[in-house]
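protein.tsv (TSV, C-alpha atoms and all ligand atoms) appears below.
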```
chain	number	residue	atom	x	y	z
A	624	MET	CA	99.89	121.22	55.76
A	625	PRO	CA	100.58	118.62	53.04
A	626	ARG	CA	103.53	116.34	53.75
A	627	LYS	CA	106.23	115.73	51.20
A	628	GLY	CA	108.93	114.68	53.63
A	629	GLN	CA	109.47	111.74	55.92
A	630	MET	CA	109.64	111.53	59.69
A	631	VAL	CA	112.36	109.23	61.05
A	632	VAL	CA	112.21	108.36	64.74
A	633	MET	CA	115.28	106.99	66.48
A	634	SER	CA	114.99	105.56	69.98
A	635	GLY	CA	117.09	103.28	72.11
A	636	PRO	CA	118.82	103.08	75.47
A	637	SER	CA	121.08	105.89	76.57
A	638	GLY	CA	124.59	105.13	75.29
A	639	ALA	CA	123.44	102.94	72.37
A	640	GLY	CA	124.81	105.49	69.91
A	641	LYS	CA	121.73	107.45	68.78
A	642	SER	CA	123.38	110.89	68.90
A	643	THR	CA	126.49	109.64	67.13
A	644	LEU	CA	124.37	108.11	64.36
A	645	CYS	CA	122.17	111.22	64.10
A	646	LYS	CA	125.25	113.43	63.63
A	647	LEU	CA	126.47	111.19	60.82
A	648	LEU	CA	123.03	111.12	59.17
A	649	LEU	CA	122.87	114.90	59.38
A	650	GLN	CA	125.90	115.21	57.13
A	651	ASP	CA	123.39	114.60	54.35
A	652	PRO	CA	121.75	117.95	53.46
A	653	ARG	CA	118.36	116.26	52.93
A	654	VAL	CA	118.20	115.40	56.62
A	655	LYS	CA	117.14	117.87	59.32
A	656	PHE	CA	117.23	117.37	63.09
A	657	SER	CA	114.26	117.93	65.35
A	658	VAL	CA	115.65	120.14	68.12
A	659	SER	CA	113.70	119.12	71.22
A	660	ALA	CA	112.95	121.30	74.20
A	661	THR	CA	114.26	120.05	77.53
A	662	THR	CA	114.51	121.10	81.14
A	663	ARG	CA	117.83	119.23	81.48
A	664	GLN	CA	121.02	121.24	82.05
A	665	PRO	CA	123.27	121.55	78.99
A	666	ARG	CA	126.30	119.24	78.92
A	667	ALA	CA	129.75	120.52	78.03
A	668	GLY	CA	129.83	121.31	74.32
A	669	GLU	CA	126.06	121.37	73.86
A	670	VAL	CA	124.67	124.46	72.15
A	671	ASP	CA	121.25	125.95	72.88
A	672	GLY	CA	119.08	125.86	69.76
A	673	ARG	CA	121.30	123.30	68.04
A	674	ASP	CA	121.30	120.29	70.39
A	675	TYR	CA	118.25	121.26	72.42
A	676	HIS	CA	116.20	124.28	73.38
A	677	PHE	CA	117.19	124.44	77.03
A	678	ILE	CA	114.26	125.87	78.98
A	679	VAL	CA	113.07	126.00	82.57
A	680	PRO	CA	110.15	123.83	83.80
A	681	GLU	CA	107.71	126.79	83.88
A	682	GLN	CA	108.39	127.50	80.20
A	683	PHE	CA	108.00	123.82	79.41
A	684	ARG	CA	104.65	123.65	81.14
A	685	ALA	CA	103.47	126.76	79.29
A	686	LEU	CA	104.38	125.10	75.98
A	687	ILE	CA	102.42	121.99	76.99
A	688	ARG	CA	99.37	124.18	77.71
A	689	GLU	CA	99.71	125.91	74.33
A	690	GLY	CA	99.77	122.53	72.58
A	691	ALA	CA	103.23	123.24	71.16
A	692	PHE	CA	104.41	119.65	71.57
A	693	ILE	CA	103.40	116.74	69.39
A	694	GLU	CA	104.77	114.50	72.15
A	695	HIS	CA	106.50	115.04	75.45
A	696	ALA	CA	107.71	112.86	78.28
A	697	GLU	CA	109.69	112.79	81.48
A	698	VAL	CA	112.97	110.95	81.00
A	699	HIS	CA	115.57	110.38	83.71
A	700	GLY	CA	113.90	113.08	85.82
A	701	ASN	CA	113.81	115.79	83.14
A	702	LEU	CA	111.15	116.89	80.67
A	703	TYR	CA	111.67	116.53	76.93
A	704	GLY	CA	109.35	117.41	74.04
A	705	THR	CA	109.15	117.58	70.27
A	706	LEU	CA	107.90	120.88	68.87
A	707	ARG	CA	105.04	120.46	66.44
A	708	ARG	CA	105.52	123.54	64.23
A	709	PRO	CA	109.09	123.07	62.99
A	710	MET	CA	108.23	119.44	62.26
A	711	ASP	CA	105.17	120.32	60.17
A	712	GLU	CA	107.17	122.95	58.29
A	713	ALA	CA	110.11	120.63	57.58
A	714	LEU	CA	107.81	117.85	56.35
A	715	ALA	CA	105.91	120.32	54.15
A	716	ARG	CA	109.27	121.35	52.61
A	717	GLY	CA	110.01	117.69	51.82
A	718	GLU	CA	112.80	117.19	54.33
A	719	ILE	CA	113.76	114.00	56.15
A	720	TYR	CA	113.04	114.99	59.73
A	721	LEU	CA	115.04	113.11	62.32
A	722	LEU	CA	113.65	112.75	65.85
A	723	GLU	CA	115.86	111.35	68.57
A	724	ILE	CA	113.33	110.62	71.30
A	725	ASP	CA	112.72	108.07	74.02
A	726	VAL	CA	110.40	105.06	73.79
A	727	GLN	CA	107.52	106.85	75.57
A	728	GLY	CA	107.60	109.65	72.99
A	729	ALA	CA	107.77	107.18	70.10
A	730	ASN	CA	104.77	105.32	71.56
A	731	GLN	CA	102.83	108.58	71.70
A	732	LEU	CA	103.57	109.30	68.03
A	733	LYS	CA	102.54	105.77	67.07
A	734	ALA	CA	99.31	106.16	69.06
A	735	LEU	CA	98.60	109.33	67.10
A	736	GLY	CA	99.11	107.36	63.90
A	737	GLU	CA	102.04	109.54	62.85
A	738	PRO	CA	103.42	108.01	59.66
A	739	GLY	CA	107.16	107.53	59.70
A	740	LEU	CA	110.05	105.16	59.99
A	741	TYR	CA	110.58	103.99	63.57
A	742	VAL	CA	114.12	102.77	64.24
A	743	PHE	CA	115.36	101.26	67.48
A	744	VAL	CA	119.12	101.57	68.06
A	745	ALA	CA	120.31	98.75	70.31
A	746	PRO	CA	123.73	98.14	71.84
A	747	PRO	CA	125.42	94.81	70.99
A	748	ASP	CA	125.10	93.86	74.70
A	749	PHE	CA	124.68	95.50	78.09
A	750	GLU	CA	128.37	95.31	78.98
A	751	THR	CA	129.19	97.32	75.86
A	752	LEU	CA	126.47	99.79	76.80
A	753	ARG	CA	128.05	100.29	80.22
A	754	ARG	CA	131.48	100.77	78.64
A	755	ARG	CA	130.11	103.37	76.23
A	756	LEU	CA	128.37	105.33	78.97
A	757	VAL	CA	131.51	105.29	81.11
A	758	GLY	CA	133.67	106.14	78.08
A	759	ARG	CA	131.44	109.05	77.08
A	760	ALA	CA	132.24	110.56	80.47
A	761	THR	CA	129.24	112.91	80.47
A	762	ASP	CA	127.44	111.46	83.47
A	763	VAL	CA	128.36	110.75	87.08
A	764	PRO	CA	128.34	107.03	88.13
A	765	GLU	CA	124.95	107.33	89.85
A	766	VAL	CA	123.35	108.68	86.64
A	767	ILE	CA	125.02	105.93	84.60
A	768	GLU	CA	123.56	103.26	86.91
A	769	ARG	CA	120.10	104.83	86.61
A	770	ARG	CA	120.39	104.87	82.81
A	771	LEU	CA	121.56	101.24	82.71
A	772	LYS	CA	118.65	100.10	84.85
A	773	LYS	CA	116.21	101.85	82.56
A	774	ALA	CA	117.95	100.40	79.48
A	775	GLU	CA	116.58	96.92	80.20
A	776	ASP	CA	112.96	98.13	80.17
A	777	GLU	CA	113.61	100.23	77.06
A	778	TYR	CA	115.19	97.26	75.29
A	779	ARG	CA	111.93	95.29	75.61
A	780	GLU	CA	110.20	98.00	73.58
A	781	ARG	CA	112.30	97.24	70.49
A	782	VAL	CA	109.65	94.82	69.12
A	783	LYS	CA	107.31	97.77	68.53
A	784	TYR	CA	109.68	99.41	66.02
A	785	ASP	CA	109.88	98.98	62.24
A	786	HIS	CA	113.58	98.14	62.47
A	787	VAL	CA	116.16	97.29	65.12
A	788	VAL	CA	119.72	98.35	64.32
A	789	ILE	CA	122.32	96.67	66.50
A	790	ASN	CA	124.97	99.34	66.73
A	791	ASP	CA	128.15	97.30	66.82
A	792	ASP	CA	130.16	98.65	63.90
A	793	LEU	CA	129.27	102.32	63.48
A	794	GLN	CA	129.72	102.54	59.71
A	795	SER	CA	127.57	99.49	59.08
A	796	SER	CA	124.81	100.87	61.38
A	797	LEU	CA	124.95	104.16	59.49
A	798	GLN	CA	124.70	102.34	56.17
A	799	GLN	CA	121.72	100.29	57.37
A	800	ILE	CA	119.82	103.41	58.45
A	801	ARG	CA	120.71	105.31	55.27
A	802	SER	CA	119.27	102.47	53.18
A	803	LEU	CA	116.14	102.21	55.34
A	804	VAL	CA	115.53	105.93	54.92
A	805	GLY	CA	116.19	105.71	51.19
A	806	LEU	CA	119.19	108.04	51.18
A	807	ASP	CA	121.25	105.82	48.86
B	1	LIG	P1	123.17	107.92	72.86
B	1	LIG	O1	122.91	109.16	72.05
B	1	LIG	O2	122.36	106.76	72.38
B	1	LIG	O3	123.00	108.14	74.34
B	1	LIG	P2	125.97	108.31	72.08
B	1	LIG	O4	125.82	108.56	70.61
B	1	LIG	O5	126.27	109.47	72.97
B	1	LIG	O6	124.70	107.49	72.64
B	1	LIG	O7	127.10	107.19	72.25
B	1	LIG	C1	127.59	106.79	73.52
B	1	LIG	C2	129.12	106.58	73.43
B	1	LIG	O8	129.39	105.44	72.62
B	1	LIG	C3	129.83	107.76	72.78
B	1	LIG	O9	131.05	107.97	73.46
B	1	LIG	C4	130.07	107.28	71.33
B	1	LIG	O10	131.23	107.85	70.79
B	1	LIG	C5	130.23	105.77	71.50
B	1	LIG	N1	129.74	105.00	70.34
B	1	LIG	C6	128.60	105.19	69.64
B	1	LIG	N2	128.46	104.25	68.67
B	1	LIG	C7	129.54	103.44	68.77
B	1	LIG	C8	129.96	102.26	68.06
B	1	LIG	N3	129.26	101.73	67.06
B	1	LIG	N4	131.13	101.68	68.45
B	1	LIG	C9	131.84	102.19	69.48
B	1	LIG	N5	131.50	103.29	70.19
B	1	LIG	C10	130.35	103.91	69.85
B	2	LIG	P1	119.86	113.02	76.85
B	2	LIG	O1	119.57	113.70	78.15
B	2	LIG	O2	120.88	111.91	77.01
B	2	LIG	O3	120.17	113.97	75.73
B	2	LIG	O4	118.51	112.29	76.42
B	2	LIG	C1	117.86	111.44	77.31
B	2	LIG	C2	116.72	110.73	76.62
B	2	LIG	O5	115.71	111.67	76.24
B	2	LIG	C3	117.13	110.01	75.33
B	2	LIG	O6	116.51	108.73	75.33
B	2	LIG	C4	116.57	110.88	74.24
B	2	LIG	O7	116.26	110.14	73.08
B	2	LIG	C5	115.31	111.39	74.91
B	2	LIG	N1	114.76	112.59	74.27
B	2	LIG	C6	115.41	113.65	73.71
B	2	LIG	N2	114.55	114.53	73.20
B	2	LIG	C7	113.31	114.03	73.41
B	2	LIG	C8	111.98	114.48	73.08
B	2	LIG	O8	111.76	115.52	72.48
B	2	LIG	N3	110.96	113.69	73.47
B	2	LIG	C9	111.14	112.51	74.15
B	2	LIG	N4	110.06	111.81	74.46
B	2	LIG	N5	112.35	112.06	74.47
B	2	LIG	C10	113.43	112.81	74.11
```
Mind converting the file's structure to structure tokens?
Ligand code: ADP
Ligand code: 5GP
Amino acid sequence: MPRKGQMVVMSGPSGAGKSTLCKLLLQDPRVKFSVSATTRQPRAGEVDGRDYHFIVPEQFRALIREGAFIEHAEVHGNLYGTLRRPMDEALARGEIYLLEIDVQGANQLKALGEPGLYVFVAPPDFETLRRRLVGRATDVPEVIERRLKKAEDEYRERVKYDHVVINDDLQSSLQQIRSLVGLD
């Protein structure tokens, strides 16, 4: 399928502000979100088919066998994957297709030579990251600690991205990404 659109990949440690920035970017009608499949349980307020396709591990494994994922990875003990077909269709329509995926998934796409803009969203510092994860109040302390430990390894991966956005002031981060994507 010929591509008229642009893939935009956003990665970064949990709590850096990826979802918040994606929601703001999605206010632009030219931007569409890649709804990943996951075996994680939905959080309060999350909607199946909008935030994620929430599926059980057997379904996930069947989709892997069918080749439905362009990338997939295990993150924090759950499986996550990007569905190939909706992505191809969106790019053929000329949309800006926004993927919020972890560093393993982004590495897989880069290894495949997938053209796109790869953006790493970083917290201003690790203390701020901890405060955001605690403030978000979606995870129990043990999960927060696990995510913080992983954040240090993820942070090292930032050098592999086209751009690093340090998400201190939200509006200025949004503006930076909008300009990178060419939305202004
Ligand atoms: P991620 O998707 O990367 O895990 P979230 O978007 O859920 O992170 O953000 C984590 C928490 O930090 C949320 O409560 C969010 O409202 C808050 N947050 C995000 N960006 C900023 C920012 N620039 N300044 C202050 N708080 C922020
Ligand atoms: P959360 O459970 O907080 O929604 O997401 C946990 C991590 O999984 C985040 O780093 C998020 O970017 C990543 N993630 C979400 N969807 C996908 C996906 O389709 N593929 C990969 N590789 N990671 C994903």
* **Counting all atoms listed in the file, the option among A:Val782, A:Val670, A:Leu647, A:Val698 closest to Ser795 (chain A)** =>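 When distances to Ser795 (chain A) are compared using all atoms listed in the file, the smallest one comes from A:Leu647.
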So that all listed atoms of ligand LIG 2 (chain B) fit with 3 Å spare on each side, what axis-aligned box centre and edge lengths in Å, to one decimal, would you give as JSON?
```
{"center_x": 115.5, "center_y": 112.1, "center_z": 75.3, "size_x": 16.8, "size_y": 12.8, "size_z": 11.7}
```
* Long-range neighbours of Ser796 (chain A) as number ranges by chain, 12 Å cut-off, all atoms listed in the file, 4 positions minimum in chain -> A: 639-641, 643-645, 647-648, 742-747, 786-792, 800-803
* At most 8 Å from ligand LIG 2 (chain B) (only C-alpha atoms and all ligand atoms): residue list as number ranges by chain -> A: 633-638, 641, 657-661, 663, 675, 694-699, 701-706, 722-729
* Asked: How many Å separate atom O4 of ligand LIG 1 (chain B) from CA of Ala713 (chain A)?
  -> 23.7 Å
* Asked: What separation in Å, quoted to one decimal, exists between atom O3 of ligand LIG 1 (chain B) and CA of Arg707 (chain A)?
  -> 23.2 Å
* Mind listing whatever residues come within 10 Å of the point (108.4, 116.8, 58.2)? Use only C-alpha atoms, file coordinates, and give them as a list in words. =>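 Here is the list of nearby residues: Met624, Pro625, Arg626, Lys627, Gly628, Gln629, Met630, Val631, Lys655, Ser657, Arg707, Arg708, Pro709, Met710, Asp711, Glu712, Ala713, Leu714, Ala715, Arg716, Gly717, Glu718, Ile719, Tyr720, Leu721 and Gly739 of chain A.
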Using C-alpha atoms, can you write the selected residues to a file as a tab-separated table (two decimals), in the frame of the given file?
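What landed in result-v5.tsv:
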```
chain	number	residue	atom	x	y	z
A	624	MET	CA	99.89	121.22	55.76
A	625	PRO	CA	100.58	118.62	53.04
A	626	ARG	CA	103.53	116.34	53.75
A	627	LYS	CA	106.23	115.73	51.20
A	628	GLY	CA	108.93	114.68	53.63
A	629	GLN	CA	109.47	111.74	55.92
A	630	MET	CA	109.64	111.53	59.69
A	631	VAL	CA	112.36	109.23	61.05
A	655	LYS	CA	117.14	117.87	59.32
A	657	SER	CA	114.26	117.93	65.35
A	707	ARG	CA	105.04	120.46	66.44
A	708	ARG	CA	105.52	123.54	64.23
A	709	PRO	CA	109.09	123.07	62.99
A	710	MET	CA	108.23	119.44	62.26
A	711	ASP	CA	105.17	120.32	60.17
A	712	GLU	CA	107.17	122.95	58.29
A	713	ALA	CA	110.11	120.63	57.58
A	714	LEU	CA	107.81	117.85	56.35
A	715	ALA	CA	105.91	120.32	54.15
A	716	ARG	CA	109.27	121.35	52.61
A	717	GLY	CA	110.01	117.69	51.82
A	718	GLU	CA	112.80	117.19	54.33
A	719	ILE	CA	113.76	114.00	56.15
A	720	TYR	CA	113.04	114.99	59.73
A	721	LEU	CA	115.04	113.11	62.32
A	739	GLY	CA	107.16	107.53	59.70
```
* Residue with smallest distance to Tyr741 (chain A) - pool A:Glu765, A:Glu780, A:Asp785, A:Glu689, counting only C-alpha atoms ->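 Once distances to Tyr741 (chain A) are computed over only C-alpha atoms, the minimum belongs to A:Asp785.
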* For ligand LIG 1 (chain B), which of A:Gly672, A:Gly758, A:Pro665, A:Pro680 is the closest residue, counting only C-alpha atoms and all ligand atoms? ->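 Counting only C-alpha atoms and all ligand atoms, the residue closest to ligand LIG 1 (chain B) is A:Gly758.
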* Quick one, how far is CA of Glu750 (chain A) from CA of Gly700 (chain A)? ->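 Computed distance, CA of Glu750 (chain A) to CA of Gly700 (chain A), equals 23.9 Å.
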* May I ask which of the residues A:Arg673, A:Val679, A:Asn730, A:Arg753 is the closest one to Arg769 (chain A), counting only C-alpha atoms? =>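 Looking only at the distances to Arg769 (chain A), the closest residue turns out to be A:Arg753.
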* To do: Measuring atom to atom with all atoms listed in the file, identify which of A:Ala734, A:Val804, A:Leu797, A:Val763 is nearest to Lys783 (chain A).
  =>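 Smallest distance to Lys783 (chain A) is found for A:Ala734.
If only C-alpha atoms and all ligand atoms are the atoms counted, then among A:Glu681, A:Asp807, A:Asp776, A:Asp674 the closest residue to ligand LIG 1 (chain B) is A:Asp674.
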